[in-house]
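S.K.: Handing you a structure now.
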Amino acid sequence: MEYPSPPAEPYRRPLPCPGPAAHAADGEAIDLHDFGLVAVFRQPSQAIACAFDLRSRLNQIGLNVQAAIHIGECGRHHGLYAGPVLQLAAGLAGCARPGDIIASRTVRDLAIGTNLSFDPRGELDLPGIPGPWRYFSVGPVLAMPRTGASNELPEDN
């Protein structure tokens, strides 16, 4: 399967990040031209919350969101972002299907203990970026129905 090549040039201009979740998380959106929108956050959980919010709001008007979340170092010079982390996020977005929120293994590892599920989806190799990079579909943890079995640990005697 071929994926679109992420742009090599720095991303252009900051825009106000859409959605209440993004504003609450101090997100900053960046124009990605034909690749859609990328936003930078301080924590992956903030990015995931923004992706869920955007998917929900845009689904209401008939648009399907394809989102990808990765975390790493990126350079910022005179307001422009650049670096392999953005190329990897764009590559991961190309792996997402309509309605998907995809996260890298790095994000999954950092989100341990959250109320999120991470289902394995595949691996991505991009030229110039050491890999492969495993990626996962992100969803909320659904409550399991109780079957009458106790979740309590037996007492030590």
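Every chain in the structure tokens takes a letter, A first, then B, and so on in the order presented; its residues are numbered from 1, and the ligands are numbered from 1 following the presented order.
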Neighbours of A:Ser117 within 7 Å (only C-alpha atoms; same-chain residues fewer than 4 positions away dropped), as a list in words?
M.R.: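 Listing them by chain and then by number gives Val138, Gly139, Pro140 and Val141 of chain A.
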S.K.: Emit the selected residues as a PDB file, in the first residue's frame, including all heavy atoms.
M.R.:
```pdb
ATOM      1  N   VAL A 138      -7.334   4.540  17.826  1.00  0.00           N
ATOM      2  CA  VAL A 138      -7.646   5.010  19.175  1.00  0.00           C
ATOM      3  C   VAL A 138      -9.148   5.095  19.355  1.00  0.00           C
ATOM      4  O   VAL A 138      -9.864   5.603  18.494  1.00  0.00           O
ATOM      5  CB  VAL A 138      -7.036   6.410  19.433  1.00  0.00           C
ATOM      6  CG1 VAL A 138      -7.305   6.862  20.861  1.00  0.00           C
ATOM      7  CG2 VAL A 138      -5.555   6.424  19.129  1.00  0.00           C
ATOM      8  N   GLY A 139      -9.607   4.598  20.486  1.00  0.00           N
ATOM      9  CA  GLY A 139     -11.014   4.691  20.826  1.00  0.00           C
ATOM     10  C   GLY A 139     -11.177   4.752  22.325  1.00  0.00           C
ATOM     11  O   GLY A 139     -10.225   4.505  23.069  1.00  0.00           O
ATOM     12  N   PRO A 140     -12.378   5.075  22.783  1.00  0.00           N
ATOM     13  CA  PRO A 140     -12.621   5.076  24.225  1.00  0.00           C
ATOM     14  C   PRO A 140     -12.719   3.643  24.732  1.00  0.00           C
ATOM     15  O   PRO A 140     -13.106   2.742  23.997  1.00  0.00           O
ATOM     16  CB  PRO A 140     -13.957   5.803  24.362  1.00  0.00           C
ATOM     17  CG  PRO A 140     -14.640   5.572  23.056  1.00  0.00           C
ATOM     18  CD  PRO A 140     -13.546   5.476  22.019  1.00  0.00           C
ATOM     19  N   VAL A 141     -12.337   3.435  25.978  1.00  0.00           N
ATOM     20  CA  VAL A 141     -12.525   2.130  26.601  1.00  0.00           C
ATOM     21  C   VAL A 141     -14.004   2.000  26.911  1.00  0.00           C
ATOM     22  O   VAL A 141     -14.591   2.874  27.551  1.00  0.00           O
ATOM     23  CB  VAL A 141     -11.684   1.986  27.891  1.00  0.00           C
ATOM     24  CG1 VAL A 141     -12.049   0.711  28.631  1.00  0.00           C
ATOM     25  CG2 VAL A 141     -10.210   2.012  27.558  1.00  0.00           C
TER      26      VAL A 141
END
```
S.K.: Which residues are near A:Leu92? Cut-off 8 Å, only C-alpha atoms, ignore same chain within fewer than 6 positions. Put them as a PyMOL selection string.
M.R.: chain A and resi 68-69+102-104+124+135
S.K.: Once you have the residues from the selection above, write them out as an mmCIF file, in the first residue's frame, restricted to N, CA and C atoms.
M.R.:
```
data_model
loop_
_atom_site.group_PDB
_atom_site.id
_atom_site.type_symbol
_atom_site.label_atom_id
_atom_site.label_comp_id
_atom_site.auth_asym_id
_atom_site.auth_seq_id
_atom_site.Cartn_x
_atom_site.Cartn_y
_atom_site.Cartn_z
ATOM 1 N N ALA A 68 -4.299 11.655 12.857
ATOM 2 C CA ALA A 68 -3.126 10.912 13.312
ATOM 3 C C ALA A 68 -2.435 11.714 14.392
ATOM 4 N N ILE A 69 -1.978 11.002 15.413
ATOM 5 C CA ILE A 69 -1.337 11.658 16.544
ATOM 6 C C ILE A 69 0.012 11.008 16.797
ATOM 7 N N ILE A 102 -5.761 7.712 14.511
ATOM 8 C CA ILE A 102 -4.596 6.830 14.547
ATOM 9 C C ILE A 102 -3.548 7.447 15.466
ATOM 10 N N ALA A 103 -2.864 6.598 16.220
ATOM 11 C CA ALA A 103 -1.781 7.076 17.083
ATOM 12 C C ALA A 103 -0.565 6.179 16.898
ATOM 13 N N SER A 104 0.596 6.775 17.040
ATOM 14 C CA SER A 104 1.836 6.006 16.980
ATOM 15 C C SER A 104 2.011 5.211 18.270
ATOM 16 N N LEU A 124 4.305 1.480 9.558
ATOM 17 C CA LEU A 124 4.578 2.461 8.517
ATOM 18 C C LEU A 124 6.081 2.640 8.384
ATOM 19 N N TYR A 135 1.429 1.570 14.432
ATOM 20 C CA TYR A 135 0.364 2.525 14.724
ATOM 21 C C TYR A 135 -0.912 1.795 15.125
#
```
S.K.: Atom CA of A:Leu37 and atom CA of A:Ala111, how far apart in Å?
M.R.: 22.6 Å
S.K.: Out of A:Gly27, A:Ala51, A:Ala39, A:Asp125, which residue has the shortest atom-to-atom distance to A:Gly94 when counting only C-alpha atoms?
M.R.: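 For A:Gly94, the nearest of the given residues is A:Asp125.
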S.K.: Quick one: pick out all helix (DSSP H, G or I) residues within stretch 39-116 of chain A from a backbone DSSP run and write them as a PyMOL selection string.
M.R.: chain A and resi 44-59+84-95+105-110
S.K.: Separation of atom CA of A:Phe41 and atom CA of A:Pro84, in Å?
M.R.: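 Computing the Euclidean distance for atom CA of A:Phe41 and atom CA of A:Pro84 yields 16.2 Å.
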